[in-house]
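Q: Structure file protein19.cif (mmCIF, C-alpha atoms) is given on the next line.
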data_input
loop_
_atom_site.label_atom_id
_atom_site.label_comp_id
_atom_site.auth_asym_id
_atom_site.auth_seq_id
_atom_site.Cartn_x
_atom_site.Cartn_y
_atom_site.Cartn_z
CA MET A 1 -81.08 0.59 -29.56
CA LYS A 2 -82.09 -2.95 -30.50
CA GLN A 3 -80.79 -6.29 -29.34
CA ILE A 4 -79.20 -8.34 -32.11
CA SER A 5 -77.63 -11.14 -30.07
CA THR A 6 -76.26 -12.20 -26.74
CA PHE A 7 -72.57 -12.22 -26.01
CA GLY A 8 -72.48 -16.03 -25.82
CA ALA A 9 -74.10 -16.35 -29.25
CA SER A 10 -72.01 -13.63 -30.88
CA ARG A 11 -68.68 -13.87 -32.68
CA TYR A 12 -66.93 -11.77 -30.06
CA GLN A 13 -64.45 -13.20 -27.55
CA ILE A 14 -63.76 -12.29 -23.93
CA GLY A 15 -60.28 -11.22 -25.00
CA ASP A 16 -61.86 -8.45 -27.09
CA LEU A 17 -62.89 -6.70 -23.86
CA GLN A 18 -60.16 -4.61 -22.26
CA LEU A 19 -61.58 -5.01 -18.76
CA LEU A 20 -61.45 -8.79 -19.11
CA ARG A 21 -58.20 -9.16 -20.98
CA ASN A 22 -56.28 -12.30 -19.87
CA ALA A 23 -59.50 -13.97 -18.66
CA ASP A 24 -60.27 -15.82 -21.92
CA GLU A 25 -60.26 -19.30 -20.43
CA ASP A 26 -62.27 -18.48 -17.31
CA ALA A 27 -65.43 -20.58 -17.62
CA THR A 28 -67.23 -18.72 -14.82
CA ILE A 29 -66.77 -15.38 -16.57
CA ALA A 30 -67.91 -16.84 -19.88
CA LYS A 31 -71.03 -18.21 -18.18
CA LEU A 32 -71.87 -14.83 -16.60
CA LEU A 33 -71.31 -12.92 -19.85
CA ALA A 34 -73.14 -15.34 -22.13
CA PRO A 35 -76.69 -13.99 -21.58
CA CYS A 36 -75.65 -10.29 -21.67
CA PRO A 37 -77.26 -8.56 -24.65
CA VAL A 38 -75.36 -7.22 -27.65
CA MET A 39 -77.18 -4.07 -28.82
CA GLN A 40 -76.94 -2.28 -32.16
CA LEU A 41 -77.00 1.50 -32.55
CA GLU A 42 -77.20 3.46 -35.77
CA ALA A 43 -75.00 6.51 -36.39
CA ASP A 44 -76.04 9.47 -34.18
CA GLN A 45 -78.39 7.27 -32.15
CA ALA A 46 -78.28 7.93 -28.41
CA VAL A 47 -78.31 5.31 -25.67
CA THR A 48 -81.69 6.18 -24.23
CA GLU A 49 -81.19 4.39 -20.90
CA SER A 50 -77.62 5.58 -20.35
CA ASN A 51 -78.60 7.02 -16.95
CA ARG A 52 -78.95 3.52 -15.50
CA ALA A 53 -76.08 1.94 -13.59
CA ARG A 54 -74.79 -0.25 -16.41
CA LEU A 55 -71.51 -1.04 -18.07
CA TYR A 56 -71.35 -0.46 -21.84
CA ILE A 57 -68.49 -2.05 -23.81
CA VAL A 58 -68.01 -1.18 -27.47
CA LEU A 59 -67.64 -4.28 -29.65
CA ARG A 60 -67.74 -2.58 -33.04
CA GLY A 61 -67.92 1.05 -34.14
CA SER A 62 -67.43 3.93 -31.68
CA LEU A 63 -69.33 6.01 -29.14
CA SER A 64 -69.05 9.63 -28.02
CA VAL A 65 -69.47 10.37 -24.32
CA ALA A 66 -70.28 13.87 -23.06
CA THR A 67 -70.16 14.05 -19.26
CA ASP A 68 -72.39 15.78 -16.71
CA THR A 69 -75.10 16.65 -19.21
CA ARG A 70 -77.84 16.65 -16.58
CA THR A 71 -76.07 18.63 -13.86
CA GLY A 72 -75.33 21.87 -15.68
CA MET A 73 -71.61 21.19 -15.24
CA ALA A 74 -70.85 20.19 -18.83
CA ASP A 75 -67.67 21.85 -20.10
CA GLY A 76 -67.74 20.62 -23.67
CA THR A 77 -65.42 17.67 -23.02
CA VAL A 78 -66.30 14.69 -25.24
CA SER A 79 -64.58 11.31 -25.07
CA LYS A 80 -64.46 8.80 -27.90
CA ILE A 81 -64.92 5.15 -26.90
CA LEU A 82 -63.40 2.63 -29.32
CA PRO A 83 -63.82 -1.15 -29.66
CA GLY A 84 -62.88 -2.97 -26.46
CA GLU A 85 -63.24 0.19 -24.35
CA SER A 86 -66.02 0.82 -21.85
CA VAL A 87 -68.12 3.49 -20.19
CA GLY A 88 -70.27 3.41 -17.07
CA GLU A 89 -67.80 1.88 -14.60
CA GLN A 90 -68.18 4.73 -12.12
CA SER A 91 -71.98 4.48 -12.04
CA VAL A 92 -71.75 0.75 -11.36
CA LEU A 93 -69.19 1.17 -8.56
CA ASP A 94 -70.98 3.95 -6.71
CA GLU A 95 -74.47 2.67 -7.61
CA GLU A 96 -75.48 6.09 -8.91
CA ALA A 97 -77.09 7.11 -12.19
CA ASN A 98 -74.72 7.45 -15.12
CA LEU A 99 -74.67 11.16 -16.01
CA SER A 100 -72.96 10.66 -19.35
CA SER A 101 -74.69 11.30 -22.66
CA ILE A 102 -73.74 8.37 -24.91
CA THR A 103 -74.20 8.56 -28.68
CA ALA A 104 -73.03 6.32 -31.52
CA LEU A 105 -70.61 8.01 -33.91
CA GLU A 106 -71.29 5.30 -36.50
CA ARG A 107 -73.22 2.04 -36.68
CA SER A 108 -72.01 0.28 -33.55
CA GLU A 109 -72.48 -2.87 -31.51
CA VAL A 110 -72.36 -2.57 -27.75
CA LEU A 111 -72.28 -5.17 -24.99
CA VAL A 112 -74.54 -4.15 -22.09
CA ILE A 113 -73.72 -5.58 -18.66
CA GLU A 114 -76.10 -4.85 -15.78
CA ALA A 115 -74.60 -3.67 -12.48
CA ASP A 116 -75.34 -6.91 -10.58
CA ILE A 117 -73.53 -8.93 -13.27
CA VAL A 118 -70.52 -6.59 -13.04
CA TRP A 119 -70.30 -7.17 -9.30
CA LYS A 120 -70.52 -10.93 -9.80
CA LEU A 121 -67.69 -10.68 -12.34
CA ILE A 122 -65.63 -8.72 -9.81
CA ASP A 123 -66.31 -11.34 -7.15
CA GLU A 124 -65.38 -14.18 -9.50
CA SER A 125 -62.38 -12.62 -11.27
CA ASN A 126 -59.46 -10.71 -9.84
CA VAL A 127 -58.51 -10.02 -13.49
CA LEU A 128 -61.51 -7.72 -13.87
CA ALA A 129 -60.80 -6.05 -10.54
CA ARG A 130 -57.16 -5.36 -11.47
CA ASN A 131 -58.04 -4.08 -14.95
CA LEU A 132 -60.76 -1.88 -13.49
CA LEU A 133 -58.35 -0.38 -10.97
CA ARG A 134 -55.82 0.32 -13.72
CA LEU A 135 -58.49 1.97 -15.87
CA LEU A 136 -59.80 4.15 -13.05
CA SER A 137 -56.26 5.12 -12.04
CA PHE A 138 -55.53 6.18 -15.60
CA ARG A 139 -58.73 8.23 -15.76
CA ILE A 140 -57.99 9.92 -12.44
CA ARG A 141 -54.52 10.87 -13.65
CA ALA A 142 -55.98 12.19 -16.92
CA ALA A 143 -58.66 14.14 -15.05
CA ASN A 144 -56.06 15.65 -12.69
CA ALA A 145 -53.87 16.66 -15.62
CA GLN A 146 -56.84 18.26 -17.34
CA LEU A 147 -57.77 20.07 -14.12
CA ARG A 148 -54.23 21.45 -13.80
CA ARG A 149 -54.35 22.67 -17.41
CA ARG A 150 -57.68 24.37 -16.78
CA GLN A 151 -56.37 25.99 -13.61
CA LYS A 152 -53.35 27.34 -15.49
CA LEU A 153 -55.57 28.53 -18.31
CA GLY A 154 -57.96 30.14 -15.84
CA GLU A 155 -55.08 31.94 -14.13
CA PHE A 156 -53.78 33.06 -17.52
CA TYR A 157 -57.13 34.58 -18.44
CA ARG A 158 -57.51 36.11 -14.98
CA GLN A 159 -54.12 37.78 -15.37
CA LEU A 160 -55.03 38.82 -18.91
CA SER A 161 -58.20 40.48 -17.64
CA MET A 162 -56.03 42.57 -15.29
CA ILE A 163 -53.93 44.06 -18.10
CA ASP A 164 -54.82 47.16 -20.12
CA GLY A 165 -54.87 46.14 -23.77
CA LEU A 166 -53.48 49.42 -25.14
CA THR A 167 -50.60 50.16 -22.78
CA GLY A 168 -49.76 46.77 -21.26
CA LEU A 169 -49.98 48.29 -17.76
CA TYR A 170 -52.21 46.91 -15.04
CA ASN A 171 -55.80 48.14 -15.31
CA ARG A 172 -58.41 49.50 -12.91
CA ALA A 173 -59.73 46.01 -12.13
CA TRP A 174 -56.24 44.97 -10.95
CA LEU A 175 -56.00 48.14 -8.85
CA ASN A 176 -59.38 47.57 -7.21
CA ASP A 177 -58.36 44.00 -6.43
CA LEU A 178 -54.81 44.57 -5.13
CA LEU A 179 -54.59 48.10 -3.69
CA PRO A 180 -56.79 47.43 -0.60
CA THR A 181 -54.56 44.45 0.25
CA MET A 182 -51.39 46.49 -0.26
CA VAL A 183 -52.71 49.27 1.97
CA ALA A 184 -53.83 46.83 4.69
CA THR A 185 -50.43 45.09 4.61
CA ALA A 186 -48.56 48.41 4.83
CA GLN A 187 -50.74 49.61 7.72
CA SER A 188 -50.37 46.39 9.71
CA SER A 189 -46.58 46.23 9.20
CA HIS A 190 -46.04 50.00 9.50
CA ALA A 191 -44.20 49.90 6.17
CA PRO A 192 -44.25 52.94 3.86
CA LEU A 193 -46.31 52.90 0.69
CA ALA A 194 -46.16 55.69 -1.90
CA LEU A 195 -48.53 56.43 -4.75
CA ILE A 196 -47.90 58.67 -7.76
CA MET A 197 -50.82 59.95 -9.85
CA ILE A 198 -49.89 60.94 -13.41
CA ASP A 199 -51.87 62.87 -16.00
CA LEU A 200 -50.59 63.55 -19.53
CA ASP A 201 -50.63 67.29 -20.13
CA HIS A 202 -53.08 68.78 -22.67
CA PHE A 203 -53.92 65.31 -23.96
CA LYS A 204 -57.17 66.40 -25.62
CA GLN A 205 -55.27 69.07 -27.51
CA PHE A 206 -52.67 66.43 -28.46
CA ASN A 207 -55.41 64.20 -29.89
CA ASP A 208 -57.01 67.12 -31.75
CA SER A 209 -53.67 68.09 -33.30
CA HIS A 210 -52.25 64.67 -34.14
CA GLY A 211 -55.24 62.34 -34.24
CA HIS A 212 -56.41 59.53 -31.97
CA LEU A 213 -53.97 57.00 -33.39
CA ALA A 214 -51.13 59.31 -32.41
CA GLY A 215 -52.82 59.69 -29.04
CA ASP A 216 -52.79 55.93 -28.57
CA GLN A 217 -49.12 55.87 -29.48
CA ALA A 218 -48.44 58.63 -26.96
CA LEU A 219 -50.16 56.58 -24.25
CA ARG A 220 -48.02 53.57 -25.16
CA ALA A 221 -44.88 55.73 -25.08
CA ALA A 222 -45.82 57.10 -21.65
CA ALA A 223 -46.55 53.60 -20.36
CA HIS A 224 -43.14 52.46 -21.60
CA VAL A 225 -41.49 55.32 -19.69
CA LEU A 226 -43.15 54.09 -16.49
CA SER A 227 -42.58 50.35 -16.92
CA SER A 228 -38.94 50.74 -17.98
CA ALA A 229 -37.99 53.02 -15.10
CA LEU A 230 -39.49 51.17 -12.15
CA ARG A 231 -38.17 48.44 -9.87
CA PRO A 232 -39.54 44.90 -10.17
CA THR A 233 -41.41 45.47 -6.91
CA ASP A 234 -43.20 48.58 -8.21
CA PHE A 235 -46.45 48.65 -10.17
CA ALA A 236 -47.68 50.86 -13.02
CA VAL A 237 -51.42 51.15 -13.67
CA ARG A 238 -53.53 52.81 -16.32
CA TYR A 239 -56.06 54.49 -14.08
CA GLY A 240 -58.32 55.68 -16.89
CA GLY A 241 -58.05 57.71 -20.09
CA GLU A 242 -54.73 59.56 -19.99
CA GLU A 243 -54.36 59.09 -16.22
CA MET A 244 -51.81 56.61 -14.91
CA MET A 245 -50.62 55.58 -11.49
CA VAL A 246 -47.46 54.18 -9.95
CA LEU A 247 -47.44 52.23 -6.68
CA LEU A 248 -44.17 52.14 -4.75
CA PRO A 249 -44.17 49.67 -1.81
CA ASP A 250 -41.63 50.24 0.98
CA THR A 251 -40.85 53.71 -0.37
CA SER A 252 -40.47 56.88 1.70
CA ASP A 253 -41.65 60.40 0.80
CA LYS A 254 -38.20 61.50 -0.28
CA VAL A 255 -37.57 58.51 -2.54
CA ALA A 256 -41.07 58.66 -4.04
CA VAL A 257 -40.58 62.32 -5.01
CA ALA A 258 -37.20 61.47 -6.56
CA VAL A 259 -38.83 58.67 -8.58
CA ALA A 260 -41.55 61.06 -9.77
CA GLU A 261 -38.95 63.67 -10.75
CA ARG A 262 -37.07 61.05 -12.78
CA LEU A 263 -40.27 59.93 -14.51
CA CYS A 264 -41.20 63.53 -15.29
CA GLU A 265 -37.83 64.12 -16.94
CA ARG A 266 -37.97 60.88 -18.94
CA MET A 267 -41.50 61.65 -20.09
CA GLN A 268 -40.23 64.84 -21.78
CA GLN A 269 -37.66 62.76 -23.66
CA ALA A 270 -40.09 60.06 -24.78
CA VAL A 271 -40.20 59.31 -28.51
CA VAL A 272 -43.78 59.01 -29.69
CA PHE A 273 -42.97 57.99 -33.27
CA ALA A 274 -39.95 55.94 -34.28
CA ASP A 275 -40.20 57.33 -37.84
CA MET A 276 -37.96 60.42 -37.75
CA ARG A 277 -39.58 61.79 -40.93
CA VAL A 278 -42.65 62.55 -38.83
CA PRO A 279 -42.48 65.62 -36.57
CA LEU A 280 -42.05 64.46 -33.00
CA PRO A 281 -44.80 65.82 -30.77
CA GLN A 282 -43.63 66.28 -27.23
CA ILE A 283 -45.52 64.71 -24.38
CA THR A 284 -45.25 65.89 -20.83
CA ALA A 285 -47.09 64.92 -17.68
CA SER A 286 -48.02 66.25 -14.27
CA PHE A 287 -47.28 64.19 -11.16
CA GLY A 288 -48.89 64.10 -7.72
CA VAL A 289 -47.13 62.16 -4.96
CA ALA A 290 -48.63 60.95 -1.68
CA THR A 291 -47.54 58.44 0.95
CA LEU A 292 -49.80 56.35 3.14
CA GLN A 293 -50.59 57.91 6.50
CA PRO A 294 -51.65 56.03 9.67
CA GLY A 295 -55.34 55.15 9.54
CA GLN A 296 -55.66 55.98 5.83
CA ASP A 297 -57.46 53.63 3.46
CA GLU A 298 -56.84 53.25 -0.26
CA GLN A 299 -59.44 55.86 -1.24
CA ALA A 300 -57.89 58.48 1.02
CA LEU A 301 -54.44 57.70 -0.39
CA ILE A 302 -55.67 58.10 -3.96
CA ALA A 303 -57.46 61.34 -3.04
CA ALA A 304 -54.26 62.75 -1.51
CA ALA A 305 -52.20 61.95 -4.62
CA ASP A 306 -54.98 63.26 -6.85
CA GLY A 307 -55.04 66.54 -4.92
CA ALA A 308 -51.28 66.91 -5.37
CA LEU A 309 -51.70 66.16 -9.09
CA TYR A 310 -54.23 68.96 -9.53
CA ARG A 311 -51.91 71.39 -7.76
CA ALA A 312 -49.17 70.38 -10.21
CA LYS A 313 -51.52 71.20 -13.09
CA ASP A 314 -52.54 74.51 -11.52
CA GLN A 315 -48.87 75.45 -11.13
CA GLY A 316 -48.18 75.07 -14.86
CA ARG A 317 -48.02 71.28 -15.49
CA ASN A 318 -44.95 69.20 -16.37
CA ARG A 319 -43.89 69.09 -12.74
CA VAL A 320 -44.08 67.10 -9.50
CA VAL A 321 -46.05 68.15 -6.41
CA HIS A 322 -45.86 66.26 -3.14
CA HIS A 323 -48.92 66.07 -0.88
CA GLN A 324 -48.05 67.39 2.55
CA ALA A 325 -49.83 65.35 5.25
#
Turn the structure described in the file into structure tokens.
A:
Amino acid sequence: MKQISTFGASRYQIGDLQLLRNADEDATIAKLLAPCPVMQLEADQAVTESNRARLYIVLRGSLSVATDTRTGMADGTVSKILPGESVGEQSVLDEEANLSSITALERSEVLVIEADIVWKLIDESNVLARNLLRLLSFRIRAANAQLRRRQKLGEFYRQLSMIDGLTGLYNRAWLNDLLPTMVATAQSSHAPLALIMIDLDHFKQFNDSHGHLAGDQALRAAAHVLSSALRPTDFAVRYGGEEMMVLLPDTSDKVAVAVAERLCERMQQAVVFADMRVPLPQITASFGVATLQPGQDEQALIAAADGALYRAKDQGRNRVVHHQA
């Protein structure tokens, strides 16, 4: 970056600077700005002393500003600074190093104002102070809006990571995150909580006979049976492979068994292929039902439902077995 002039000797006017707009006829401001250097940068040239507490105002060309490059907090956000706009206000105000990486996007001319001159301008001109407050307010609003968008996006991806891609049910990560809380809440409030473990019958044989694509379709069909038959307050989870799980908050033994019986019947009626020219393979499932007992944790509840599930399989599959506490 080389000096090509001073502001007083250049063709630029005070009115060209957004921070000093409406201060054109202020002789004190003109006197303070006159010796400030006008520097020239070539395209892709970086401002090598951008870490100093200085104010940079673009007179011609444009600059790119990437923030937080030295803190490890960079998120890829790059701002474009156009003629009349500035960068470095924050570093001047808080007297800290400017952590922005500033690079010319094209051949550019930049007015450089040292921090002590900026403060003198603030002292001498309420125009600069007002314009600076407006600029910082705008940037705070923009930063808050960007933060809200990132929070929403982060929540979207967090929710996405909790969904099984094949079936659309919640996945094991969701279960590990939420089930301990559900169990603790039920125990503290003495509210019932039921869990149904589900295993598709002879699923390996189904895959061997119809192929893995058909197996995937069968899993989707089974998941649809669960999600379409439950209340909004219930939760269906793909536990792993062909195993699924249903969580029924505020549900007694009797109601949980009735729900499992209904799901078992609907599973037998599930259509795996919509194309009626293809033979419809039947899918059935075995169901194990357990309800939370006093002092039980989530692992004990799962183990109880799993034990009931294996008894259902031992008894011939395609049936519901309730764990007796």
Q: Starting from the PyMOL selection byres ((chain A and resi 89-104) around 10), expand the selection into actual residues of this file and give them as a ChimeraX atom specification.
A: /A:40-56,58,61-71,74,78-81,86-88,105-110,113-116,118-119,132,135-136
Q: Any idea what's packed within 10 Å of Asp164 (chain A), counting all atoms listed in the file, ignoring anything in its chain fewer than 3 positions away? Could you give it as a VMD selection string?
A: chain A and resid 160 to 161 167 to 174 237 to 240
Q: Atoms to include: C-alpha atoms. Write the selected residues as a PDB file, in the coordinates of the input.
A:
ATOM      1  CA  LEU A 160     -55.030  38.820 -18.910  1.00  0.00           C
ATOM      2  CA  SER A 161     -58.200  40.480 -17.640  1.00  0.00           C
ATOM      3  CA  THR A 167     -50.600  50.160 -22.780  1.00  0.00           C
ATOM      4  CA  GLY A 168     -49.760  46.770 -21.260  1.00  0.00           C
ATOM      5  CA  LEU A 169     -49.980  48.290 -17.760  1.00  0.00           C
ATOM      6  CA  TYR A 170     -52.210  46.910 -15.040  1.00  0.00           C
ATOM      7  CA  ASN A 171     -55.800  48.140 -15.310  1.00  0.00           C
ATOM      8  CA  ARG A 172     -58.410  49.500 -12.910  1.00  0.00           C
ATOM      9  CA  ALA A 173     -59.730  46.010 -12.130  1.00  0.00           C
ATOM     10  CA  TRP A 174     -56.240  44.970 -10.950  1.00  0.00           C
ATOM     11  CA  VAL A 237     -51.420  51.150 -13.670  1.00  0.00           C
ATOM     12  CA  ARG A 238     -53.530  52.810 -16.320  1.00  0.00           C
ATOM     13  CA  TYR A 239     -56.060  54.490 -14.080  1.00  0.00           C
ATOM     14  CA  GLY A 240     -58.320  55.680 -16.890  1.00  0.00           C
TER      15      GLY A 240
END
Q: Contacts of Leu166 (chain A) at 12 Å or less, counting all atoms listed in the file, minus same-chain residues fewer than 6 places along, as a PyMOL selection string?
A: chain A and resi 213+215-224+237-238+240-242
Q: For CA of Arg319 (chain A) and CA of Asp253 (chain A), quote the distance in Å rounded to one decimal.
A: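 The value is 16.2 Å.
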Q: Contacts of Leu263 (chain A) at 9 Å or less, counting only C-alpha atoms, minus same-chain residues fewer than 6 places along, as a list in words?
A: Val225, Leu226, Ala229 and Phe287 of chain A
Q: Check what the PyMOL selection byres ((chain A and resi 194) around 12) selects in the file above and give those residues as an MDAnalysis selection string.
A: chainID A and resid 179 182:183 186 191:193 195:197 234:235 245:260 288:293 298 301:302 304:305 322:323
Q: Please compute the CA of Gln151 (chain A)-CA of Thr181 (chain A) distance, one decimal, in Å.
A: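 For CA of Gln151 (chain A) relative to CA of Thr181 (chain A), the distance reads 23.2 Å.
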Q: Could you list, as a ChimeraX atom specification, every residue within 9 Å of Ala23 (chain A), counting only C-alpha atoms and ignoring same-chain residues fewer than 5 positions away?
A: /A:14-15,29-30,125,127-128
Q: Go through A:Thr284, A:Asp26, A:Ser10, A:Arg21 and flag the residue nearest Val272 (chain A), using only C-alpha atoms for the distances.
A: A:Thr284
Q: May I ask which of the residues A:Ser227, A:Thr233, A:Val321, A:Gln299 is the closest one to Glu261 (chain A), counting all atoms listed in the file?
A: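 Under the stated criterion, the closest residue is A:Val321.
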Q: Determine the residue set returned by the PyMOL selection byres ((chain A and resi 17) around 10) for the present structure, and present it as a list in words.
A: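 Answer for the PyMOL selection byres ((chain A and resi 17) around 10): Tyr12, Gln13, Ile14, Gly15, Asp16, Gln18, Leu19, Leu20, Arg21, Asn22, Ala23, Asp24, Ile57, Val58, Leu59, Pro83, Gly84, Glu85, Ser86 and Leu111 of chain A.
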Q: State, in Å with one decimal place, the distance from CA of Pro35 (chain A) to CA of Arg11 (chain A).
A: 13.7 Å
Q: Can you tell me, as lines of an AutoDock Vina configuration file, the centre and edge lengths (Å, one decimal) of the axis-aligned box enclosing all of region 126-135 of chain A's listed atoms after padding each side by 3 Å?
A:
center_x = -58.7
center_y = -4.4
center_z = -12.9
size_x = 11.7
size_y = 18.7
size_z = 12.0
Q: Taking into account only C-alpha atoms, which residue in the set A:Ile198, A:Leu82, A:Leu32, A:Ile163 is nearest to Leu121 (chain A)?
A: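 Closest residue, counting only C-alpha atoms: A:Leu32.
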Q: Pick out the closest residue to Glu243 (chain A) from this set: A:Asp297, A:Asp208, A:Glu265, A:Asp306. Count only C-alpha atoms.
A: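 Nearest candidate to Glu243 (chain A) out of A:Asp297, A:Asp208, A:Glu265, A:Asp306: A:Asp306.
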Q: Rank A:Arg317, A:His212, A:Lys152, A:Lys2 by their smallest atom-to-atom distance to Asp199 (chain A), using all atoms listed in the file, and report the top residue only.
A: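 That would be A:Arg317, the residue with the smallest distance to Asp199 (chain A).
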Q: Of the candidates A:Gly165, A:Pro37, A:Gly8, A:Pro180, which shows the shortest atom-to-atom distance to Gln296 (chain A), using only C-alpha atoms?
A: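 Smallest distance to Gln296 (chain A) is found for A:Pro180.
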Q: Please supply region 81-95 of chain A, rebuilt with N, CA, C and O atoms, as a PDB file, keeping the file's coordinate frame.
A:
ATOM      1  N   ILE A  81     -65.100   6.507 -27.407  1.00  0.00           N
ATOM      2  CA  ILE A  81     -64.920   5.150 -26.900  1.00  0.00           C
ATOM      3  C   ILE A  81     -64.814   4.216 -28.099  1.00  0.00           C
ATOM      4  O   ILE A  81     -65.733   4.138 -28.927  1.00  0.00           O
ATOM      5  N   LEU A  82     -63.704   3.495 -28.178  1.00  0.00           N
ATOM      6  CA  LEU A  82     -63.400   2.630 -29.320  1.00  0.00           C
ATOM      7  C   LEU A  82     -63.622   1.171 -28.953  1.00  0.00           C
ATOM      8  O   LEU A  82     -63.828   0.836 -27.776  1.00  0.00           O
ATOM      9  N   PRO A  83     -63.585   0.261 -29.944  1.00  0.00           N
ATOM     10  CA  PRO A  83     -63.820  -1.150 -29.660  1.00  0.00           C
ATOM     11  C   PRO A  83     -62.929  -1.698 -28.543  1.00  0.00           C
ATOM     12  O   PRO A  83     -61.721  -1.460 -28.512  1.00  0.00           O
ATOM     13  N   GLY A  84     -63.569  -2.413 -27.615  1.00  0.00           N
ATOM     14  CA  GLY A  84     -62.880  -2.970 -26.460  1.00  0.00           C
ATOM     15  C   GLY A  84     -62.949  -2.069 -25.252  1.00  0.00           C
ATOM     16  O   GLY A  84     -62.777  -2.532 -24.116  1.00  0.00           O
ATOM     17  N   GLU A  85     -63.188  -0.762 -25.459  1.00  0.00           N
ATOM     18  CA  GLU A  85     -63.240   0.190 -24.350  1.00  0.00           C
ATOM     19  C   GLU A  85     -64.649   0.254 -23.765  1.00  0.00           C
ATOM     20  O   GLU A  85     -65.615  -0.200 -24.376  1.00  0.00           O
ATOM     21  N   SER A  86     -64.750   0.849 -22.586  1.00  0.00           N
ATOM     22  CA  SER A  86     -66.020   0.820 -21.850  1.00  0.00           C
ATOM     23  C   SER A  86     -66.372   2.175 -21.279  1.00  0.00           C
ATOM     24  O   SER A  86     -65.531   3.065 -21.160  1.00  0.00           O
ATOM     25  N   VAL A  87     -67.633   2.302 -20.885  1.00  0.00           N
ATOM     26  CA  VAL A  87     -68.120   3.490 -20.190  1.00  0.00           C
ATOM     27  C   VAL A  87     -69.181   3.044 -19.203  1.00  0.00           C
ATOM     28  O   VAL A  87     -69.890   2.071 -19.449  1.00  0.00           O
ATOM     29  N   GLY A  88     -69.271   3.747 -18.075  1.00  0.00           N
ATOM     30  CA  GLY A  88     -70.270   3.410 -17.070  1.00  0.00           C
ATOM     31  C   GLY A  88     -69.710   2.747 -15.836  1.00  0.00           C
ATOM     32  O   GLY A  88     -70.460   2.420 -14.914  1.00  0.00           O
ATOM     33  N   GLU A  89     -68.382   2.554 -15.763  1.00  0.00           N
ATOM     34  CA  GLU A  89     -67.800   1.880 -14.600  1.00  0.00           C
ATOM     35  C   GLU A  89     -68.097   2.613 -13.300  1.00  0.00           C
ATOM     36  O   GLU A  89     -68.428   2.005 -12.282  1.00  0.00           O
ATOM     37  N   GLN A  90     -67.977   3.948 -13.335  1.00  0.00           N
ATOM     38  CA  GLN A  90     -68.180   4.730 -12.120  1.00  0.00           C
ATOM     39  C   GLN A  90     -69.594   4.577 -11.588  1.00  0.00           C
ATOM     40  O   GLN A  90     -69.808   4.435 -10.385  1.00  0.00           O
ATOM     41  N   SER A  91     -70.587   4.602 -12.484  1.00  0.00           N
ATOM     42  CA  SER A  91     -71.980   4.480 -12.040  1.00  0.00           C
ATOM     43  C   SER A  91     -72.243   3.121 -11.415  1.00  0.00           C
ATOM     44  O   SER A  91     -73.027   3.000 -10.475  1.00  0.00           O
ATOM     45  N   VAL A  92     -71.582   2.084 -11.938  1.00  0.00           N
ATOM     46  CA  VAL A  92     -71.750   0.750 -11.360  1.00  0.00           C
ATOM     47  C   VAL A  92     -71.116   0.694  -9.975  1.00  0.00           C
ATOM     48  O   VAL A  92     -71.709   0.179  -9.019  1.00  0.00           O
ATOM     49  N   LEU A  93     -69.910   1.258  -9.829  1.00  0.00           N
ATOM     50  CA  LEU A  93     -69.190   1.170  -8.560  1.00  0.00           C
ATOM     51  C   LEU A  93     -69.859   1.964  -7.450  1.00  0.00           C
ATOM     52  O   LEU A  93     -69.885   1.523  -6.298  1.00  0.00           O
ATOM     53  N   ASP A  94     -70.362   3.151  -7.777  1.00  0.00           N
ATOM     54  CA  ASP A  94     -70.980   3.950  -6.710  1.00  0.00           C
ATOM     55  C   ASP A  94     -72.505   3.830  -6.696  1.00  0.00           C
ATOM     56  O   ASP A  94     -73.182   4.503  -5.928  1.00  0.00           O
ATOM     57  N   GLU A  95     -73.035   2.960  -7.576  1.00  0.00           N
ATOM     58  CA  GLU A  95     -74.470   2.670  -7.610  1.00  0.00           C
ATOM     59  C   GLU A  95     -75.302   3.935  -7.791  1.00  0.00           C
ATOM     60  O   GLU A  95     -76.366   4.095  -7.217  1.00  0.00           O
TER      61      GLU A  95
END
